[in-house]
Structures are given as structure tokens and as C-alpha cells.
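Below is run30.cif, which holds mmCIF, C-alpha atoms.
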data_input
#
loop_
_atom_site.group_PDB
_atom_site.id
_atom_site.type_symbol
_atom_site.label_atom_id
_atom_site.label_comp_id
_atom_site.auth_asym_id
_atom_site.auth_seq_id
_atom_site.Cartn_x
_atom_site.Cartn_y
_atom_site.Cartn_z
ATOM 1 C CA MET R 693 197.158 94.062 205.990
ATOM 2 C CA LYS R 694 194.519 92.948 203.532
ATOM 3 C CA LYS R 695 193.128 95.276 200.928
ATOM 4 C CA SER R 696 189.588 94.891 202.342
ATOM 5 C CA HIS R 697 190.800 96.063 205.788
ATOM 6 C CA ILE R 698 192.351 99.199 204.303
ATOM 7 C CA ILE R 699 189.185 99.971 202.338
ATOM 8 C CA GLY R 700 187.099 99.460 205.513
ATOM 9 C CA ILE R 701 189.304 101.842 207.514
ATOM 10 C CA VAL R 702 189.066 104.496 204.775
ATOM 11 C CA VAL R 703 185.250 104.198 204.643
ATOM 12 C CA ILE R 704 185.006 104.529 208.439
ATOM 13 C CA ALA R 705 187.337 107.555 208.406
ATOM 14 C CA ILE R 706 185.217 109.271 205.743
ATOM 15 C CA ALA R 707 182.016 108.560 207.711
ATOM 16 C CA VAL R 708 183.519 110.019 210.903
ATOM 17 C CA PHE R 709 184.668 113.130 209.003
ATOM 18 C CA VAL R 710 181.187 113.684 207.532
ATOM 19 C CA ILE R 711 179.506 113.300 210.932
ATOM 20 C CA ILE R 712 181.894 115.706 212.638
ATOM 21 C CA SER R 713 181.678 118.331 209.894
ATOM 22 C CA THR R 714 177.860 118.356 209.817
ATOM 23 C CA ALA R 715 177.436 118.318 213.603
ATOM 24 C CA GLY R 716 179.111 121.714 213.955
ATOM 25 C CA ASP R 717 176.599 123.341 211.599
ATOM 26 C CA ALA R 718 173.473 122.003 213.306
ATOM 27 C CA SER R 719 171.181 124.588 214.799
ATOM 28 C CA THR R 720 168.459 124.339 217.420
ATOM 29 C CA TYR R 721 164.898 125.639 217.875
ATOM 30 C CA MET R 722 164.543 128.546 220.297
ATOM 31 C CA THR R 723 162.364 131.498 221.189
ATOM 32 C CA PHE R 724 163.472 135.085 220.619
ATOM 33 C CA SER R 725 164.305 135.391 224.342
ATOM 34 C CA GLU R 726 166.558 132.326 224.209
ATOM 35 C CA ALA R 727 168.204 133.530 220.986
ATOM 36 C CA LYS R 728 168.896 136.922 222.581
ATOM 37 C CA ALA R 729 170.391 135.289 225.690
ATOM 38 C CA LEU R 730 172.587 133.108 223.474
ATOM 39 C CA PHE R 731 173.815 136.204 221.585
ATOM 40 C CA GLU R 732 174.499 138.079 224.832
ATOM 41 C CA SER R 733 176.578 135.142 226.063
ATOM 42 C CA GLY R 734 178.897 135.646 223.076
ATOM 43 C CA SER R 735 177.699 132.797 220.882
ATOM 44 C CA ASN R 736 177.277 133.238 217.136
ATOM 45 C CA LYS R 737 175.454 129.932 216.670
ATOM 46 C CA LYS R 738 172.623 129.807 214.116
ATOM 47 C CA VAL R 739 169.219 129.033 215.601
ATOM 48 C CA HIS R 740 165.677 128.372 214.378
ATOM 49 C CA VAL R 741 162.837 130.505 215.729
ATOM 50 C CA VAL R 742 159.270 129.369 215.023
ATOM 51 C CA GLY R 743 156.331 131.733 214.970
ATOM 52 C CA GLN R 744 153.772 133.648 212.972
ATOM 53 C CA LEU R 745 153.633 137.046 211.354
ATOM 54 C CA LYS R 746 152.223 139.759 213.610
ATOM 55 C CA LYS R 747 148.546 140.535 213.020
ATOM 56 C CA ASP R 748 146.286 143.333 214.223
ATOM 57 C CA GLU R 749 142.953 142.802 215.992
ATOM 58 C CA SER R 750 141.140 142.217 212.704
ATOM 59 C CA GLY R 751 143.622 139.507 211.637
ATOM 60 C CA LYS R 752 145.443 141.625 209.058
ATOM 61 C CA ILE R 753 149.212 141.116 208.850
ATOM 62 C CA VAL R 754 151.185 144.171 209.990
ATOM 63 C CA GLY R 755 154.850 145.130 210.068
ATOM 64 C CA ILE R 756 156.162 143.909 206.694
ATOM 65 C CA GLU R 757 158.521 146.581 205.351
ATOM 66 C CA PRO R 758 160.428 145.868 202.127
ATOM 67 C CA SER R 759 163.415 148.098 201.425
ATOM 68 C CA GLU R 760 163.106 150.756 198.724
ATOM 69 C CA ASP R 761 165.027 148.591 196.250
ATOM 70 C CA LYS R 762 162.960 145.502 197.254
ATOM 71 C CA LEU R 763 166.154 143.483 197.849
ATOM 72 C CA THR R 764 165.704 143.121 201.622
ATOM 73 C CA VAL R 765 162.760 143.033 203.992
ATOM 74 C CA THR R 766 162.036 143.477 207.685
ATOM 75 C CA PHE R 767 158.930 142.115 209.351
ATOM 76 C CA LEU R 768 157.449 141.542 212.775
ATOM 77 C CA MET R 769 157.159 137.976 213.979
ATOM 78 C CA VAL R 770 155.533 136.550 217.111
ATOM 79 C CA ASP R 771 157.283 133.462 218.535
ATOM 80 C CA ASN R 772 155.677 130.593 220.457
ATOM 81 C CA ASP R 773 156.090 132.548 223.735
ATOM 82 C CA GLN R 774 154.033 135.403 222.204
ATOM 83 C CA ARG R 775 157.082 137.694 222.082
ATOM 84 C CA THR R 776 157.163 140.025 219.080
ATOM 85 C CA ASN R 777 160.498 140.757 217.444
ATOM 86 C CA LYS R 778 161.751 142.488 214.320
ATOM 87 C CA VAL R 779 163.299 140.125 211.753
ATOM 88 C CA PHE R 780 165.646 141.317 209.003
ATOM 89 C CA TYR R 781 165.986 139.135 205.887
ATOM 90 C CA ASP R 782 168.741 140.070 203.446
ATOM 91 C CA LYS R 783 166.845 138.789 200.403
ATOM 92 C CA PRO R 784 163.602 139.831 198.671
ATOM 93 C CA ILE R 785 160.245 138.982 200.262
ATOM 94 C CA PRO R 786 159.402 135.296 199.797
ATOM 95 C CA PRO R 787 156.323 135.130 197.538
ATOM 96 C CA ASP R 788 154.148 133.176 199.999
ATOM 97 C CA LEU R 789 155.169 135.008 203.174
ATOM 98 C CA LYS R 790 151.775 136.663 203.719
ATOM 99 C CA GLN R 791 149.885 133.394 203.135
ATOM 100 C CA SER R 792 151.996 131.335 205.537
ATOM 101 C CA GLU R 793 150.460 129.769 208.627
ATOM 102 C CA GLN R 794 153.824 129.418 210.328
ATOM 103 C CA VAL R 795 157.264 130.923 209.750
ATOM 104 C CA VAL R 796 160.640 129.501 210.734
ATOM 105 C CA VAL R 797 163.547 131.939 210.599
ATOM 106 C CA ILE R 798 167.094 130.615 210.736
ATOM 107 C CA GLY R 799 169.869 132.964 211.742
ATOM 108 C CA GLN R 800 171.247 134.954 214.659
ATOM 109 C CA TYR R 801 170.008 137.557 217.111
ATOM 110 C CA GLN R 802 171.901 140.834 217.140
ATOM 111 C CA ASP R 803 171.162 144.350 218.445
ATOM 112 C CA ASN R 804 167.458 143.687 219.199
ATOM 113 C CA VAL R 805 166.910 142.367 215.646
ATOM 114 C CA PHE R 806 166.903 138.766 214.463
ATOM 115 C CA TYR R 807 168.981 138.490 211.262
ATOM 116 C CA ALA R 808 167.528 135.650 209.195
ATOM 117 C CA LYS R 809 169.752 133.899 206.686
ATOM 118 C CA GLN R 810 166.963 131.550 205.659
ATOM 119 C CA ILE R 811 163.161 131.473 205.974
ATOM 120 C CA LEU R 812 160.986 128.364 205.895
ATOM 121 C CA LEU R 813 157.247 128.811 205.356
ATOM 122 C CA LYS R 814 154.358 126.547 206.194
ATOM 123 C CA CYS R 815 151.561 127.565 203.903
ATOM 124 C CA PRO R 816 147.924 126.487 204.127
ATOM 125 C CA SER R 817 147.378 123.198 202.396
ATOM 126 C CA LYS R 818 145.780 123.373 198.967
ATOM 127 C CA TYR R 819 144.284 119.982 199.622
ATOM 128 C CA GLU R 820 142.325 120.651 202.812
ATOM 129 C CA GLU R 821 138.714 119.653 202.547
ATOM 130 C CA GLU R 822 136.461 122.572 201.921
ATOM 131 C CA SER R 823 133.196 122.636 203.783
ATOM 132 C CA LEU R 824 130.496 121.618 201.369
ATOM 133 C CA GLN R 825 127.056 123.100 201.633
ATOM 134 C CA VAL R 826 124.288 120.813 200.495
ATOM 135 C CA SER R 827 121.045 122.445 199.600
ATOM 136 C CA ALA R 828 117.806 120.566 199.884
ATOM 137 C CA VAL R 829 115.899 120.074 196.681
ATOM 138 C CA ASN R 830 112.163 120.704 196.997
#
Just give me the structure of the file as C-alpha cells.
Amino acid sequence: MKKSHIIGIVVIAIAVFVIISTAGDASTYMTFSEAKALFESGSNKKVHVVGQLKKDESGKIVGIEPSEDKLTVTFLMVDNDQRTNKVFYDKPIPPDLKQSEQVVVIGQYQDNVFYAKQILLKCPSKYEEESLQVSAVN
């Protein structure tokens, strides 16, 4: 066998190994209801849940509760199906959590709480055009 054939086979084998190893860690987007059903079926697969922080009637964010030592936080999140669920994050509060437009939590549902291993935040753009008011000069 030629040396180039052996090198080609090794490269293909490495590519197949990388694809197989990353495919097992892929997670999917779900609602809290779907994540709960997945947990109840015995799966421990990581999932993404997209939503927003819970707000009261006046638009103020409610339900963020840092632990006494500030090393963990729980908060209320509303998913795209308008279902509210408690989320536990085993790290300190992300600095921009309260300013975020959208929150993606990645983790697993367990015992009526979603345990987030990672949080992704979509914050308002700093570059959105501000409405300009032009005043007439008399």
C-alpha cells in the first residue's frame, strides 16, 4: 500500500472519530414541558430552553434569588409556551442577566427545577438607532 493511501485512511478515521464524539454531546431546543417529559422518561440529555425572565405587570423582573454566599442563583423564566419554571444556576449571577432580552439555559430538568449548566444571554443591542427628536427652529 502506498504511503498516501495510509495517510488518507488515518485522516478519514480521525474525522469519523471527531464526528461521532461531538454528535453524542449535541443538545436540542425544547420548552420546559418537553424537558420535563424527557427527564420523566429517564433521559439525562442536556437541552436548551429559550425564554425570558419573569416580569410583573409593570415590566419589572421578579424571581431572581441569589444564594447568601452569592455563588449560586435561582430565577424564574418563562419559555416560548408561556410556562414559568424555576431555574437553578450553580454559578454567580451573570452580570447582564437583568438586561437580557432573551435567555437560553442549557442543562437538565429535575424535580420541578431546571438545573442550568450554562446560560446564554441576548442583550439589547448597543447599536440600535435611537429615535431622534428634531425641534423646529423659529
Using the file's own x, y and z axes, so that the box edges lie along x, y and z, what centre and edge lengths in Å (one decimal) does a box around every listed atom of segment 753-760 of chain R get when 4 Å is added on each side? Give it as AutoDock Vina command-line options.
--center_x 156.3 --center_y 145.9 --center_z 204.4 --size_x 22.2 --size_y 17.6 --size_z 19.3
>> Suppose a student applies the PyMOL selection byres ((chain R and resi 793) around 9) to this structure; what residues should they get, written as a list in words?
In response: Gly743, Gln744, Leu745, Leu789, Lys790, Gln791, Ser792, Gln794, Val795, Leu813, Lys814, Cys815 and Pro816 of chain R
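Here the PyMOL selection byres ((chain R and resi 765) around 12) matches the residues Gly755, Ile756, Glu757, Pro758, Ser759, Glu760, Asp761, Lys762, Leu763, Thr764, Thr766, Phe767, Leu768, Lys778, Val779, Phe780, Tyr781, Asp782, Lys783, Pro784, Ile785, Pro786, Leu789, Tyr807, Ala808, Lys809 and Ile811 of chain R.
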> What gap, in Å, lies between atom CA of Lys737 of chain R and atom CA of Thr720 of chain R?
Replying inline: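 Computing the Euclidean distance for atom CA of Lys737 of chain R and atom CA of Thr720 of chain R yields 9.0 Å.
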> What gap, in Å, lies between atom CA of Lys752 of chain R and atom CA of Thr776 of chain R?
Replying inline: 15.5 Å
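Evaluated on this file, the PyMOL selection byres ((chain R and resi 775) around 12) matches Met722, Thr723, Phe724, Ser725, Glu726, Ala727, Lys728, Val741, Val742, Gly743, Gln744, Leu745, Lys746, Leu768, Met769, Val770, Asp771, Asn772, Asp773, Gln774, Thr776, Asn777 and Lys778 of chain R.
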